[in-house]
Each structure stands twice: as C-alpha cells, then as structure tokens.
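Q: Following this line is structure-v9.cif, made up of mmCIF, C-alpha atoms:
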data_target
loop_
_atom_site.label_atom_id
_atom_site.label_comp_id
_atom_site.auth_asym_id
_atom_site.auth_seq_id
_atom_site.Cartn_x
_atom_site.Cartn_y
_atom_site.Cartn_z
CA MET A 90 0.00 0.00 0.00
CA LYS A 91 1.40 3.37 -1.04
CA PRO A 92 0.96 6.11 1.61
CA GLU A 93 -1.40 8.80 0.34
CA HIS A 94 -1.06 11.44 3.05
CA PHE A 95 1.99 13.42 4.14
CA ASP A 96 2.07 12.34 7.78
CA THR A 97 1.89 8.67 6.80
CA ALA A 98 4.47 9.01 4.04
CA ARG A 99 7.01 10.72 6.30
CA LEU A 100 7.09 7.53 8.40
CA HIS A 101 6.64 4.79 5.81
CA ALA A 102 7.29 5.90 2.23
CA GLY A 103 10.18 4.39 0.30
CA TYR A 104 10.89 1.54 2.70
CA ASP A 105 9.71 -2.07 3.04
CA PRO A 106 10.50 -3.60 6.46
CA ALA A 107 10.02 -7.09 5.03
CA ALA A 108 13.12 -6.60 2.90
CA HIS A 109 15.16 -5.70 6.00
CA LEU A 110 14.38 -8.40 8.58
CA GLN A 111 11.19 -6.52 9.61
CA SER A 112 13.13 -3.63 11.12
CA PRO A 113 10.68 -0.70 11.54
CA LEU A 114 13.59 1.73 11.28
CA VAL A 115 15.72 1.94 8.15
CA PRO A 116 18.98 0.07 8.97
CA ILE A 117 22.35 1.77 8.58
CA TYR A 118 24.23 0.00 5.82
CA GLN A 119 27.61 1.36 6.88
CA THR A 120 29.68 -0.32 4.19
CA ALA A 121 31.82 0.90 1.32
CA ALA A 122 30.77 -1.85 -1.08
CA PHE A 123 28.46 -4.84 -1.52
CA GLY A 124 29.16 -8.44 -2.51
CA LEU A 125 28.19 -9.36 -6.05
CA GLY A 126 27.30 -13.00 -5.38
CA ASP A 127 27.91 -15.22 -8.40
CA THR A 128 29.11 -14.08 -11.80
CA GLU A 129 25.64 -14.22 -13.35
CA THR A 130 24.21 -11.97 -10.63
CA ALA A 131 27.23 -9.69 -10.89
CA ALA A 132 26.66 -9.27 -14.62
CA ALA A 133 23.01 -8.32 -14.04
CA ILE A 134 23.91 -5.85 -11.29
CA THR A 135 26.63 -4.09 -13.27
CA ALA A 136 24.39 -3.97 -16.34
CA GLY A 137 21.68 -2.31 -14.25
CA THR A 138 19.07 -4.97 -15.00
CA LYS A 139 18.70 -6.17 -11.39
CA ALA A 140 16.45 -3.91 -9.32
CA ASP A 141 17.45 -2.69 -5.84
CA ALA A 142 20.95 -4.07 -6.15
CA TYR A 143 24.05 -2.28 -4.93
CA THR A 144 27.74 -2.40 -5.73
CA TYR A 145 29.50 0.59 -4.16
CA SER A 146 28.17 3.20 -1.73
CA ARG A 147 29.35 6.10 -3.86
CA VAL A 148 26.90 4.90 -6.52
CA GLY A 149 24.08 3.79 -4.21
CA ASN A 150 23.38 2.63 -0.68
CA PRO A 151 20.15 1.14 0.78
CA THR A 152 19.97 3.58 3.71
CA VAL A 153 20.49 6.58 1.45
CA ARG A 154 18.08 5.14 -1.10
CA ALA A 155 15.31 4.93 1.50
CA PHE A 156 15.86 8.61 2.29
CA GLU A 157 15.73 9.51 -1.41
CA LYS A 158 12.52 7.59 -2.00
CA ARG A 159 10.85 9.08 1.06
CA LEU A 160 11.74 12.65 0.06
CA ALA A 161 10.56 12.07 -3.50
CA ALA A 162 7.22 10.83 -2.16
CA LEU A 163 6.82 13.74 0.24
CA ASP A 164 7.70 16.28 -2.44
CA GLY A 165 5.50 14.73 -5.12
CA GLY A 166 8.44 13.83 -7.37
CA THR A 167 9.26 10.69 -9.31
CA ASP A 168 12.78 10.22 -7.94
CA ALA A 169 15.48 11.92 -5.90
CA VAL A 170 19.25 11.88 -5.48
CA ALA A 171 20.73 12.65 -2.05
CA VAL A 172 24.12 14.35 -1.92
CA GLY A 173 26.62 15.61 0.62
CA SER A 174 25.29 19.18 1.02
CA GLY A 175 22.71 21.65 -0.19
CA MET A 176 25.34 23.42 -2.28
CA ALA A 177 26.19 20.10 -3.96
CA ALA A 178 22.49 19.71 -4.82
CA ILE A 179 22.38 23.19 -6.38
CA SER A 180 25.68 22.69 -8.21
CA TYR A 181 24.75 19.32 -9.67
CA ALA A 182 21.31 20.49 -10.79
CA LEU A 183 22.64 23.57 -12.58
CA LEU A 184 25.64 21.83 -14.10
CA ASN A 185 23.39 19.05 -15.35
CA VAL A 186 20.91 21.39 -17.00
CA ALA A 187 23.46 23.77 -18.58
CA GLU A 188 26.38 21.44 -19.22
CA GLY A 189 28.47 22.46 -22.19
CA GLY A 190 27.50 26.11 -21.90
CA GLY A 191 24.34 28.11 -21.59
CA ARG A 192 22.63 30.76 -19.53
CA ILE A 193 20.50 30.57 -16.39
CA LEU A 194 18.15 33.22 -15.02
CA ALA A 195 18.40 33.80 -11.27
CA PRO A 196 17.40 36.46 -8.72
CA THR A 197 20.01 38.38 -6.73
CA ASN A 198 18.03 38.03 -3.50
CA ILE A 199 19.26 34.54 -2.59
CA TYR A 200 21.62 32.75 -0.22
CA GLY A 201 25.11 34.27 -0.28
CA ALA A 202 27.00 31.10 -1.24
CA SER A 203 24.57 30.43 -4.10
CA LEU A 204 25.06 33.93 -5.46
CA ASP A 205 28.83 33.62 -5.10
CA GLU A 206 28.82 30.36 -7.08
CA PHE A 207 26.62 31.87 -9.78
CA ARG A 208 28.69 35.05 -10.09
CA THR A 209 32.23 33.76 -9.78
CA LEU A 210 32.50 29.99 -10.24
CA LEU A 211 29.99 28.49 -12.66
CA PRO A 212 30.89 31.07 -15.36
CA LYS A 213 34.34 29.46 -15.39
CA PHE A 214 32.58 26.29 -16.51
CA GLY A 215 30.86 28.08 -19.40
CA ILE A 216 27.57 28.67 -17.56
CA GLN A 217 26.56 32.34 -17.52
CA PHE A 218 23.85 33.98 -15.44
CA ASP A 219 21.35 36.71 -16.15
CA PHE A 220 20.33 38.22 -12.82
CA PHE A 221 17.18 40.09 -11.87
CA ASP A 222 16.45 41.88 -8.59
CA ASP A 223 12.70 41.35 -8.18
CA ILE A 224 11.70 37.67 -8.14
CA ASN A 225 8.19 38.55 -9.32
CA ASP A 226 9.05 41.10 -12.01
CA LEU A 227 7.72 38.83 -14.72
CA THR A 228 8.19 41.38 -17.51
CA THR A 229 11.91 41.74 -16.80
CA ILE A 230 12.34 37.98 -16.48
CA LYS A 231 10.72 37.42 -19.87
CA SER A 232 12.97 40.06 -21.42
CA LEU A 233 16.08 38.24 -20.18
CA LEU A 234 15.25 34.99 -21.97
CA ARG A 235 17.60 34.08 -24.82
CA PRO A 236 17.83 31.07 -27.16
CA GLU A 237 20.73 29.77 -25.04
CA THR A 238 18.83 30.09 -21.72
CA LYS A 239 18.66 26.66 -20.07
CA ALA A 240 16.65 27.23 -16.87
CA ILE A 241 15.13 29.65 -14.39
CA TYR A 242 16.38 29.19 -10.83
CA ILE A 243 14.58 30.62 -7.79
CA GLU A 244 14.18 30.26 -4.04
CA SER A 245 10.54 29.68 -3.03
CA VAL A 246 11.20 31.74 0.11
CA ALA A 247 14.20 34.06 -0.18
CA ASN A 248 17.11 33.93 2.26
CA PRO A 249 16.98 36.05 4.41
CA SER A 250 14.20 38.45 3.33
CA THR A 251 11.50 35.69 3.14
CA GLU A 252 10.19 37.20 -0.11
CA VAL A 253 7.82 34.68 -1.72
CA ALA A 254 8.13 33.70 -5.39
CA ASP A 255 5.14 33.32 -7.70
CA ILE A 256 6.04 29.75 -8.65
CA ALA A 257 3.15 29.12 -11.05
CA ALA A 258 3.75 32.31 -13.04
CA LEU A 259 7.48 31.63 -13.26
CA ALA A 260 6.83 28.04 -14.35
CA GLN A 261 4.60 29.30 -17.16
CA ILE A 262 7.37 31.60 -18.38
CA ALA A 263 9.93 28.80 -18.23
CA HIS A 264 7.77 26.27 -20.03
CA ALA A 265 6.83 28.73 -22.79
CA ALA A 266 10.57 29.03 -23.43
CA GLY A 267 11.10 25.26 -23.34
CA ILE A 268 13.19 25.32 -20.17
CA PRO A 269 12.69 23.98 -16.62
CA LEU A 270 11.97 25.90 -13.43
CA ILE A 271 14.40 24.88 -10.67
CA VAL A 272 13.25 25.75 -7.13
CA ASP A 273 15.32 25.84 -3.95
CA ASN A 274 12.59 24.94 -1.48
CA THR A 275 14.85 24.64 1.57
CA PHE A 276 13.12 27.07 3.95
CA PRO A 277 9.53 25.76 3.71
CA THR A 278 10.39 22.07 3.08
CA PRO A 279 7.80 19.84 1.36
CA TYR A 280 5.63 20.10 4.47
CA LEU A 281 4.78 23.77 3.88
CA CYS A 282 5.10 23.96 0.09
CA ARG A 283 5.31 21.46 -2.77
CA PRO A 284 6.49 23.45 -5.81
CA PHE A 285 5.69 20.61 -8.23
CA GLU A 286 1.99 21.22 -7.61
CA PHE A 287 2.47 24.69 -9.13
CA GLY A 288 4.51 23.67 -12.17
CA ALA A 289 8.12 23.46 -10.94
CA ASP A 290 10.31 20.84 -12.62
CA ILE A 291 13.27 20.32 -10.29
CA ASP A 292 13.42 20.95 -6.52
CA VAL A 293 16.66 21.26 -4.59
CA TYR A 294 17.04 21.20 -0.83
CA SER A 295 19.62 21.69 1.80
CA SER A 296 18.27 18.84 3.90
CA THR A 297 20.65 20.06 6.58
CA LYS A 298 17.89 22.49 7.48
CA GLY A 299 14.21 21.85 8.24
CA ILE A 300 14.07 18.41 6.64
CA ASN A 301 16.54 16.98 9.15
CA GLY A 302 15.78 19.66 11.72
CA HIS A 303 18.36 18.83 14.37
CA GLY A 304 21.55 20.53 13.20
CA ASN A 305 23.56 17.31 13.15
CA VAL A 306 23.82 16.48 9.43
CA VAL A 307 25.04 18.35 6.35
CA SER A 308 23.21 17.02 3.29
CA GLY A 309 21.28 17.94 0.17
CA VAL A 310 18.68 16.49 -2.19
CA VAL A 311 17.75 16.94 -5.86
CA ILE A 312 14.18 15.87 -6.71
CA ASP A 313 12.70 15.48 -10.20
CA HIS A 314 9.04 16.11 -11.00
CA GLY A 315 9.39 13.76 -13.97
CA GLN A 316 7.22 15.93 -16.22
CA PHE A 317 9.67 17.97 -18.29
CA ASP A 318 10.39 17.16 -21.95
CA TRP A 319 14.18 16.81 -22.20
CA ASN A 320 13.86 15.90 -25.88
CA ASN A 321 12.96 19.39 -27.11
CA GLY A 322 16.35 20.07 -28.71
CA LYS A 323 17.74 22.41 -26.04
CA PHE A 324 19.48 19.73 -23.96
CA PRO A 325 21.79 17.62 -26.14
CA GLN A 326 23.41 16.04 -23.08
CA MET A 327 20.15 14.17 -22.49
CA THR A 328 19.86 12.77 -26.02
CA GLU A 329 23.48 12.13 -27.04
CA PRO A 330 24.84 8.55 -26.92
CA GLU A 331 26.01 7.68 -23.41
CA PHE A 332 28.73 5.05 -23.19
CA ILE A 333 27.84 3.70 -19.76
CA LEU A 334 24.25 3.06 -20.83
CA GLY A 335 25.19 1.11 -23.93
CA ASP A 336 26.88 -2.21 -24.58
CA GLU A 337 30.14 -1.90 -26.49
CA ALA A 338 30.38 -5.65 -27.12
CA GLN A 339 26.92 -5.71 -28.73
CA HIS A 340 27.44 -2.36 -30.49
CA LYS A 341 24.43 -0.98 -28.62
CA THR A 342 24.17 2.76 -28.01
CA THR A 343 21.53 4.71 -26.15
CA SER A 344 20.98 8.04 -24.40
CA PHE A 345 19.61 9.11 -21.06
CA TYR A 346 16.41 10.26 -22.71
CA SER A 347 16.00 7.04 -24.69
CA GLU A 348 16.62 5.00 -21.55
CA PHE A 349 14.71 7.02 -18.95
CA GLY A 350 12.39 9.40 -20.82
CA SER A 351 11.11 12.23 -18.62
CA ASN A 352 13.31 10.92 -15.79
CA ALA A 353 16.47 11.52 -17.80
CA PHE A 354 17.52 14.47 -15.63
CA ILE A 355 17.56 12.73 -12.25
CA ASN A 356 19.16 9.56 -13.60
CA ARG A 357 21.88 11.63 -15.22
CA ILE A 358 22.48 13.38 -11.87
CA ARG A 359 22.98 10.00 -10.24
CA MET A 360 25.00 8.25 -12.92
CA LYS A 361 27.24 11.13 -14.00
CA TYR A 362 27.47 13.80 -11.29
CA LEU A 363 27.03 11.77 -8.11
CA ARG A 364 29.06 8.81 -9.38
CA LEU A 365 31.88 10.86 -10.90
CA PHE A 366 32.03 14.04 -8.78
CA GLY A 367 31.30 12.05 -5.63
CA ALA A 368 29.52 14.40 -3.18
CA VAL A 369 27.94 11.40 -1.49
CA MET A 370 25.58 11.38 1.50
CA SER A 371 26.81 8.86 4.07
CA PRO A 372 24.54 6.05 5.31
CA PHE A 373 24.73 7.33 8.90
CA ASP A 374 23.79 10.85 7.81
CA ALA A 375 20.85 9.42 5.86
CA TYR A 376 19.74 7.55 8.98
CA LEU A 377 19.85 10.73 11.07
CA ALA A 378 17.99 12.68 8.38
CA LEU A 379 15.29 9.99 8.29
CA LEU A 380 14.89 10.23 12.06
CA GLY A 381 14.52 14.00 11.83
CA LEU A 382 12.02 13.66 9.01
CA GLU A 383 9.72 11.62 11.23
CA THR A 384 8.82 14.72 13.28
CA ILE A 385 8.81 17.33 10.51
CA SER A 386 5.10 18.16 10.78
CA GLU A 387 5.10 18.74 14.53
CA ARG A 388 8.39 20.64 14.44
CA LEU A 389 7.48 23.02 11.66
CA SER A 390 3.95 23.60 12.90
CA LYS A 391 5.25 24.84 16.25
CA GLU A 392 8.19 26.72 14.71
CA VAL A 393 5.91 28.59 12.30
CA GLN A 394 3.57 29.50 15.14
CA SER A 395 6.48 30.77 17.24
CA ALA A 396 8.11 32.61 14.32
CA THR A 397 4.84 34.42 13.67
CA ALA A 398 4.54 35.47 17.32
CA ILE A 399 8.16 36.66 17.41
CA ALA A 400 7.75 38.60 14.17
CA GLN A 401 4.68 40.32 15.59
CA TYR A 402 6.55 41.14 18.80
CA LEU A 403 9.44 42.64 16.82
CA THR A 404 7.05 44.94 14.96
CA THR A 405 6.16 46.51 18.32
CA ASN A 406 9.73 46.92 19.58
CA PRO A 407 10.78 50.59 19.35
CA HIS A 408 14.38 49.61 18.57
CA VAL A 409 13.43 47.54 15.51
CA LYS A 410 13.26 49.45 12.25
CA HIS A 411 11.80 46.73 10.02
CA VAL A 412 10.72 43.08 10.22
CA TYR A 413 11.20 40.78 7.23
CA TYR A 414 8.70 37.95 7.52
CA SER A 415 6.17 37.73 4.72
CA GLY A 416 4.12 35.36 6.86
CA ILE A 417 2.64 38.32 8.76
CA GLU A 418 1.76 40.31 5.62
CA LYS A 419 -2.03 39.92 5.68
CA ASP A 420 -2.51 41.26 2.15
CA ASN A 421 0.18 39.07 0.57
CA GLN A 422 -1.77 36.97 -1.93
CA LEU A 423 1.25 34.82 -2.80
CA VAL A 424 1.59 33.71 0.82
CA LYS A 425 -2.10 32.76 0.85
CA LYS A 426 -1.73 30.83 -2.41
CA TYR A 427 1.48 28.93 -1.77
CA PHE A 428 1.86 28.85 2.02
CA PRO A 429 -1.53 28.43 3.73
CA HIS A 430 0.23 26.78 6.70
CA GLY A 431 3.06 29.30 6.98
CA ILE A 432 6.26 30.23 5.17
CA GLY A 433 8.67 28.63 7.64
CA ALA A 434 10.71 29.29 10.76
CA ILE A 435 13.16 31.89 9.43
CA LEU A 436 12.75 35.66 9.69
CA SER A 437 14.94 38.76 9.78
CA PHE A 438 14.77 42.20 11.30
CA GLU A 439 16.68 45.45 10.99
CA LEU A 440 17.81 47.01 14.24
CA ALA A 441 17.36 50.78 14.55
CA GLY A 442 20.93 51.22 15.71
CA ASP A 443 24.56 50.97 14.70
CA GLU A 444 26.94 48.04 14.26
CA GLU A 445 28.05 48.22 17.88
CA GLN A 446 24.47 47.80 19.05
CA VAL A 447 23.99 44.86 16.67
CA ALA A 448 27.07 43.25 18.22
CA LYS A 449 25.63 43.81 21.70
CA VAL A 450 22.44 41.98 20.76
CA LEU A 451 24.48 39.04 19.48
CA ASP A 452 26.68 39.06 22.58
CA ASN A 453 23.77 39.22 25.04
CA VAL A 454 21.33 36.57 23.84
CA HIS A 455 21.21 33.50 26.09
CA VAL A 456 18.54 31.23 24.61
CA PHE A 457 19.33 31.98 20.98
CA THR A 458 22.62 30.55 19.70
CA TYR A 459 24.86 32.73 17.51
CA LEU A 460 25.36 30.20 14.73
CA PRO A 461 25.28 30.18 10.87
CA ASN A 462 22.57 27.61 10.24
CA VAL A 463 18.77 27.48 10.05
CA GLY A 464 16.10 24.85 10.60
CA ASP A 465 17.43 23.54 13.91
CA VAL A 466 15.30 22.56 16.92
CA ARG A 467 17.34 25.20 18.77
CA SER A 468 16.74 28.86 17.94
CA LEU A 469 19.59 30.56 16.12
CA ILE A 470 20.66 34.13 15.39
CA VAL A 471 23.21 35.49 12.95
CA ASN A 472 24.23 38.74 11.24
CA PRO A 473 24.04 37.79 7.53
CA VAL A 474 26.27 40.55 6.12
CA LYS A 475 29.15 39.39 8.29
CA VAL A 476 28.56 35.63 8.02
CA THR A 477 26.07 33.93 5.67
CA HIS A 478 25.89 36.65 2.98
CA ARG A 479 29.37 38.14 3.17
CA GLU A 480 30.01 36.91 -0.41
CA MET A 481 27.30 39.24 -1.68
CA PRO A 482 28.61 42.55 -3.09
CA GLN A 483 27.44 45.63 -1.24
CA ALA A 484 25.65 47.01 -4.30
CA ILE A 485 23.44 43.93 -4.42
CA ARG A 486 22.92 43.82 -0.65
CA LEU A 487 21.70 47.39 -0.60
CA LYS A 488 19.14 46.66 -3.32
CA HIS A 489 17.52 44.25 -0.89
CA GLN A 490 17.92 46.29 2.31
CA LEU A 491 20.47 43.78 3.57
CA ASN A 492 22.68 46.04 5.65
CA GLN A 493 24.91 45.73 8.71
CA GLN A 494 21.90 46.19 11.01
CA VAL A 495 19.97 43.13 9.79
CA LEU A 496 19.80 40.06 12.00
CA ARG A 497 18.40 36.69 10.88
CA LEU A 498 16.55 34.37 13.24
CA SER A 499 15.81 30.66 12.90
CA ILE A 500 13.12 29.69 15.36
CA GLY A 501 13.32 26.35 17.13
CA LEU A 502 11.22 24.46 19.65
CA GLU A 503 11.86 26.43 22.83
CA ASP A 504 8.97 28.13 24.62
CA VAL A 505 8.11 31.20 22.55
CA GLN A 506 7.82 33.39 25.64
CA ASP A 507 11.41 32.54 26.56
CA LEU A 508 12.53 33.42 23.04
CA ILE A 509 10.71 36.76 23.08
CA ALA A 510 12.08 37.54 26.53
CA ASP A 511 15.61 36.69 25.37
CA LEU A 512 15.38 38.99 22.37
CA ASP A 513 13.77 41.73 24.43
CA GLN A 514 16.48 41.77 27.10
CA ALA A 515 19.29 41.60 24.52
CA ILE A 516 17.86 44.49 22.52
CA ARG A 517 17.30 46.54 25.67
CA GLN A 518 20.92 45.98 26.73
CA ALA A 519 22.10 47.11 23.32
CA PHE A 520 20.34 50.43 23.77
CA VAL A 521 21.24 51.13 27.39
CA LEU A 522 23.03 54.44 27.61
CA PRO A 523 26.51 54.21 29.14
CA GLN A 524 26.72 55.59 32.68
CA GLU A 525 28.33 58.97 32.97
#
Would you mind writing the file's structure down as structure tokens?

A:
Amino acid sequence: MKPEHFDTARLHAGYDPAAHLQSPLVPIYQTAAFGLGDTETAAAITAGTKADAYTYSRVGNPTVRAFEKRLAALDGGTDAVAVGSGMAAISYALLNVAEGGGRILAPTNIYGASLDEFRTLLPKFGIQFDFFDDINDLTTIKSLLRPETKAIYIESVANPSTEVADIAALAQIAHAAGIPLIVDNTFPTPYLCRPFEFGADIDVYSSTKGINGHGNVVSGVVIDHGQFDWNNGKFPQMTEPEFILGDEAQHKTTSFYSEFGSNAFINRIRMKYLRLFGAVMSPFDAYLALLGLETISERLSKEVQSATAIAQYLTTNPHVKHVYYSGIEKDNQLVKKYFPHGIGAILSFELAGDEEQVAKVLDNVHVFTYLPNVGDVRSLIVNPVKVTHREMPQAIRLKHQLNQQVLRLSIGLEDVQDLIADLDQAIRQAFVLPQE
C-alpha cells in the first residue's frame, strides 16, 4: 500500500520492512561496497538490470536510497538523489541542465553562497547567469530569456528576506521558453510547500535544514518532478549517446532520454554527477535525516507559530526598524496561495541602531545561539552581512535592504515566551546608555 497522506508518508514511504528483517527503522548499511554474489548476478547488477541491487556506496546505498525515495514521495516527485550538502544539490542540478554552456536566469536576492557560485564559479565552466532583482518582475524575467537560456532558478522563500516567489507564473514563463523551473525549497520544506503542484520541474534542498531539523547532518537532495520534456532540442546532453548506458560488445548505443524518458535528468544526476564528482551522502547521515524527518510536521507547525509570534513582537519593539517575515503580511496573496500553513521558521529584522548595538544583541542573547545555520530545533541568530551573505557585493545587498543592522533568526522548539524575553532583554541591553 502506497501512503497517500503526508504524515503517513514521512514515516513509511520508500521503505519495506520485510526486505530488511522486519526492522521498523531503516537500517544503517555502513559499508563501502556490496558483494556481487555469483558471476551471473554480478553481470546483471553491473548492467543495471537487477532492481534494488548495490555495488558501491558512492553509486548507491540502501539507507540513502530509502531517504531519497521518502523525500521524492513527500515532495511529489518521481525520484530523488541525495548528496553531501545543499550546495552540492544546487551545483549538480545547474551543471546538469546547462552542461556544455548556456545561460541561467536567477534572482540576486538569494543565499550568499549560491550567489557567489553563480557570479564567480559556474561562469568558469561556461555557464553564464542573467540576474534580476525582483523575483516577481515577470516582464523583466521574460525580457532576459535568450535562445541559449537553459533554466530559471529561484528560491521559493528568499534567504533572508523571506520574499515569496510566484512559482506558477514563473513556471509558465519557463515552459513557454522550453526550459525547466528549478526551485530551492529549503526554507519551507515539502511540508509547507510542494512546488511541483504549481509547475516546478526540479526541486533542490539543503536537507541540513528543516528536513533533518536537528543541526547534526550536512546534506542535500535533488528531486525530479518527472514531467519535463528533455527531448525538445535544447538539452543535447540528455539525447546524445552515453557510453555507460550502452553495450560496447553488442554495439548498442543509447541516451539518457532514450533509456529514462522524462526521468532523464535525475538519472543523469545519479550516474554522472554523483558517481563521478562524488559528493555522497553517508549512510549514517541518511539515517539521522530519516529520524529527523519523522517529526517534521510537529516541528514546523510549532516553529511557524512561534516565528509568527516573534515577528509580531518585533514589529512593536521601538528599537526595531523593520521586520522581514512575509508570513505576517495579511494582504500578501502569494503567501495565501502557496503557504496556507506558513512560510517557515526563518525571519529577519533590521535594528534601529549601529553596528556596535547589533554586536551587543548578538553578545547578550542567552537562549538563541549565535550560529550560521537554520532549521534547527534550537533557535539561532546570525548577522548575515558578516557571516552567511558576506560573499554578496554591497551594491546587491543594498538593493535588498540587507545592511549591517539586519539580524536573521531561525526559530526552534523552545517556549516562545522565553525566546521573546531573550530577544527583548538583549535588545534593551544594546540600547542602554553608558553611565556617565
């Protein structure tokens, strides 16, 4: 029986206890490689004709595979590939779609490391970017499309401004141009938003964050909707002969599209990028991520509720200039459309003070931890310009009001009154006048 509802799938999808000695928990297959049995079985395994068979943990591992299948089910995708970090997921997805050269459209209001990769590293591999400042400026985005454009890349909820993207409208633009929409859905996770339901083609996640939820694993996931036509002439890497899929002895040649059809993208990620570049998720990390995933609904429900209360408190604090949390914008139609259960546990605010006062807030919190991560069960605070977004040029930061006075919060599972009290006392200490 295939689980039909999210809270059942998060516990059961992608795993058959009967195939693992009736263990209710996914076992940790902590091994580098797997025995091939006899030569006949070995030939079937290496040829890829034997289902659920494994050779080497860089190529595939049963613990990791259970995590991939579960995430694909929760996200509404056909398949997933787990990797060693969220940045590996982003890198593999964009390299795979624009391999050999091409252009990708992307907003400037994104995670600092992503922007740094797009500006300074991927162009060295022949992949150029056309940036836009407003994620929902559809006219500008359309004007940036070129024949060599290979994809539109967005964050469903921007880091750290929490600006919400109009996924359906952006998907329409992408599909009219014959290209996929790639969505980084890290902040909301599949629990709060499933971009495939609004036309997205590829989702990427830093499963380090809310998916795992406990701050003990660095990992990432690429998930394929399995609906995009990779045979439209714009992606020769999907239709060219691929040696590892053919049979040299029998003079057989085939391509990823011929072999896998609409699932060509995700299978190429696994068989080329994961296998050859090797940013592998370990079996133990997959086990920890699966454990975290079991409580995702309860965690995020409480975290969203607390984040909303904290954002509302911050709007009343006289020392706070602005709060960035689109979840409290009552007239935001995109939030209502895409995030009826909340946008997530991350918010930011601008302190009405100087850098010294920002430092005092960071130095005087006791419940919040000053730490560059999000999505933990513990509440976290960081100054993005100095830490998570320091790779972003000042000219771009200022376009998005990301200045030295902005602090980002990731709300965990502590009592919300304790969190508000902690912020309140730290802010008050930052604005205490020195004694004469």

Q: For Ile291 in chain A, which residue out of A:Glu244, A:Asp273, A:Glu129, A:Asp223 is the nearest one, using all atoms listed in the file?

A: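 Checking each candidate against Ile291 in chain A, we get A:Asp273 as the closest.
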
Q: Which protein, DNA or RNA residues are at most 7 Å from (22.0, 9.4, -24.7) in the file's coordinates when you count all atoms listed in the file, listed as a PDB file with C-alpha atoms, in the coordinates of the input?

A:
ATOM      1  CA  GLN A 326      23.410  16.040 -23.080  1.00  0.00           C
ATOM      2  CA  MET A 327      20.150  14.170 -22.490  1.00  0.00           C
ATOM      3  CA  THR A 328      19.860  12.770 -26.020  1.00  0.00           C
ATOM      4  CA  GLU A 329      23.480  12.130 -27.040  1.00  0.00           C
ATOM      5  CA  PRO A 330      24.840   8.550 -26.920  1.00  0.00           C
ATOM      6  CA  GLU A 331      26.010   7.680 -23.410  1.00  0.00           C
ATOM      7  CA  THR A 343      21.530   4.710 -26.150  1.00  0.00           C
ATOM      8  CA  SER A 344      20.980   8.040 -24.400  1.00  0.00           C
ATOM      9  CA  PHE A 345      19.610   9.110 -21.060  1.00  0.00           C
ATOM     10  CA  TYR A 346      16.410  10.260 -22.710  1.00  0.00           C
ATOM     11  CA  SER A 347      16.000   7.040 -24.690  1.00  0.00           C
TER      12      SER A 347
END

Q: Evaluate the PyMOL selection byres ((chain A and resi 510) around 12) on the structure here and hand back the selected residues as a ChimeraX atom specification.

A: /A:399,402-403,406,453-457,503-509,511-517

Q: Give me a file of those residues, with C-alpha atoms, as a CSV table (one decimal), in the coordinates of the input.

A:
chain,number,residue,atom,x,y,z
A,399,ILE,CA,8.2,36.7,17.4
A,402,TYR,CA,6.6,41.1,18.8
A,403,LEU,CA,9.4,42.6,16.8
A,406,ASN,CA,9.7,46.9,19.6
A,453,ASN,CA,23.8,39.2,25.0
A,454,VAL,CA,21.3,36.6,23.8
A,455,HIS,CA,21.2,33.5,26.1
A,456,VAL,CA,18.5,31.2,24.6
A,457,PHE,CA,19.3,32.0,21.0
A,503,GLU,CA,11.9,26.4,22.8
A,504,ASP,CA,9.0,28.1,24.6
A,505,VAL,CA,8.1,31.2,22.6
A,506,GLN,CA,7.8,33.4,25.6
A,507,ASP,CA,11.4,32.5,26.6
A,508,LEU,CA,12.5,33.4,23.0
A,509,ILE,CA,10.7,36.8,23.1
A,511,ASP,CA,15.6,36.7,25.4
A,512,LEU,CA,15.4,39.0,22.4
A,513,ASP,CA,13.8,41.7,24.4
A,514,GLN,CA,16.5,41.8,27.1
A,515,ALA,CA,19.3,41.6,24.5
A,516,ILE,CA,17.9,44.5,22.5
A,517,ARG,CA,17.3,46.5,25.7

Q: When you draw a straight line from CA of Pro151 in chain A to CA of Pro372 in chain A, how long is it in Å?

A: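 Those two atoms sit 8.0 Å apart.
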
Q: Determine, counting all atoms listed in the file, which protein, DNA and RNA residues have an atom within 12 Å of an atom of Asp222 in chain A; residues of the same chain fewer than 2 positions away are not included. Present the result as a PyMOL selection string.

A: chain A and resi 194-199+219-220+224-227+229-230+243+247+252+484-490

Q: Within 12 Å of Ala260 in chain A, counting only C-alpha atoms, which residues show up once you throw out same-chain ones fewer than 2 positions away? Write them as an MDAnalysis selection string, please.

A: chainID A and resid 225 227 230:231 240:243 254:258 262:272 284:291 317

Q: Give me the residues within 8 Å of range 166-172 of chain A as a list in words, counting all atoms listed in the file and dropping any in the same chain fewer than 3 places off.

A: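 Within the cut-off, the hits are Val153, Phe156, Glu157, Lys158, Leu160, Ala161, Ala162, Leu163, Gly175, Ala177, Ala178, Phe285, Ser308, Gly309, Val310, Val311, Ile312, Asp313, His314, Gly315, Asn352, Ile355, Ile358, Arg359, Leu363, Ala368, Val369 and Met370 of chain A.
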
Q: Expressed in Å to a single decimal, how great is the separation between CA of Ala155 in chain A and CA of Val115 in chain A?

A: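 Separating CA of Ala155 in chain A from CA of Val115 in chain A is a distance of 7.3 Å.
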
Q: For CA of Ile300 in chain A and CA of Ser203 in chain A, quote the distance in Å rounded to one decimal.

A: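 Computing it gives 19.2 Å between the two atoms.
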
Q: Set the distance at 7 Å and use all atoms listed in the file: which residues neighbour range 479-483 of chain A once local chain neighbours fewer than 2 positions away are removed? I'd like the list as number ranges by chain.

A: A: 201-202, 204-205, 473-477, 485-487

Q: Would you kindly identify which residues have an atom no farther than 8 Å from (11.2, 32.6, 9.5), using all atoms listed in the file and the file's own coordinates, and write them out as a PyMOL selection string?

A: chain A and resi 251+393+396-397+414+432-437+498-500

Q: Using the chain letters and numbers from this file, what does the PyMOL selection byres ((chain A and resi 145) around 7) select? Give the answer as a PyMOL selection string.

A: chain A and resi 121-123+143-144+146-149

Q: Just checking: using all atoms listed in the file, which residue out of A:Pro92, A:Tyr181, A:Pro212, A:Ala375 ends up closest to Leu114 in chain A?

A: A:Ala375

Q: Restore N, CA and C atoms in range 263-270 of chain A and list the result as a short mmCIF file (atom, residue, chain, number, x, y, z; two decimals), in the coordinates of the input.

A:
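Wrote result-v6.cif, looks like this:
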data_model
loop_
_atom_site.label_atom_id
_atom_site.label_comp_id
_atom_site.auth_asym_id
_atom_site.auth_seq_id
_atom_site.Cartn_x
_atom_site.Cartn_y
_atom_site.Cartn_z
N ALA A 263 8.90 29.79 -17.90
CA ALA A 263 9.93 28.80 -18.23
C ALA A 263 9.44 27.83 -19.30
N HIS A 264 8.26 27.30 -19.12
CA HIS A 264 7.77 26.27 -20.03
C HIS A 264 7.48 26.84 -21.42
N ALA A 265 7.04 28.09 -21.48
CA ALA A 265 6.83 28.73 -22.79
C ALA A 265 8.14 28.85 -23.55
N ALA A 266 9.25 28.93 -22.81
CA ALA A 266 10.57 29.03 -23.43
C ALA A 266 11.24 27.67 -23.61
N GLY A 267 10.55 26.59 -23.20
CA GLY A 267 11.10 25.26 -23.34
C GLY A 267 12.20 24.93 -22.36
N ILE A 268 12.16 25.55 -21.19
CA ILE A 268 13.19 25.32 -20.17
C ILE A 268 12.53 24.99 -18.84
N PRO A 269 13.26 24.34 -17.91
CA PRO A 269 12.69 23.98 -16.62
C PRO A 269 12.78 25.09 -15.59
N LEU A 270 11.89 25.04 -14.61
CA LEU A 270 11.97 25.90 -13.43
C LEU A 270 12.57 25.07 -12.31
#
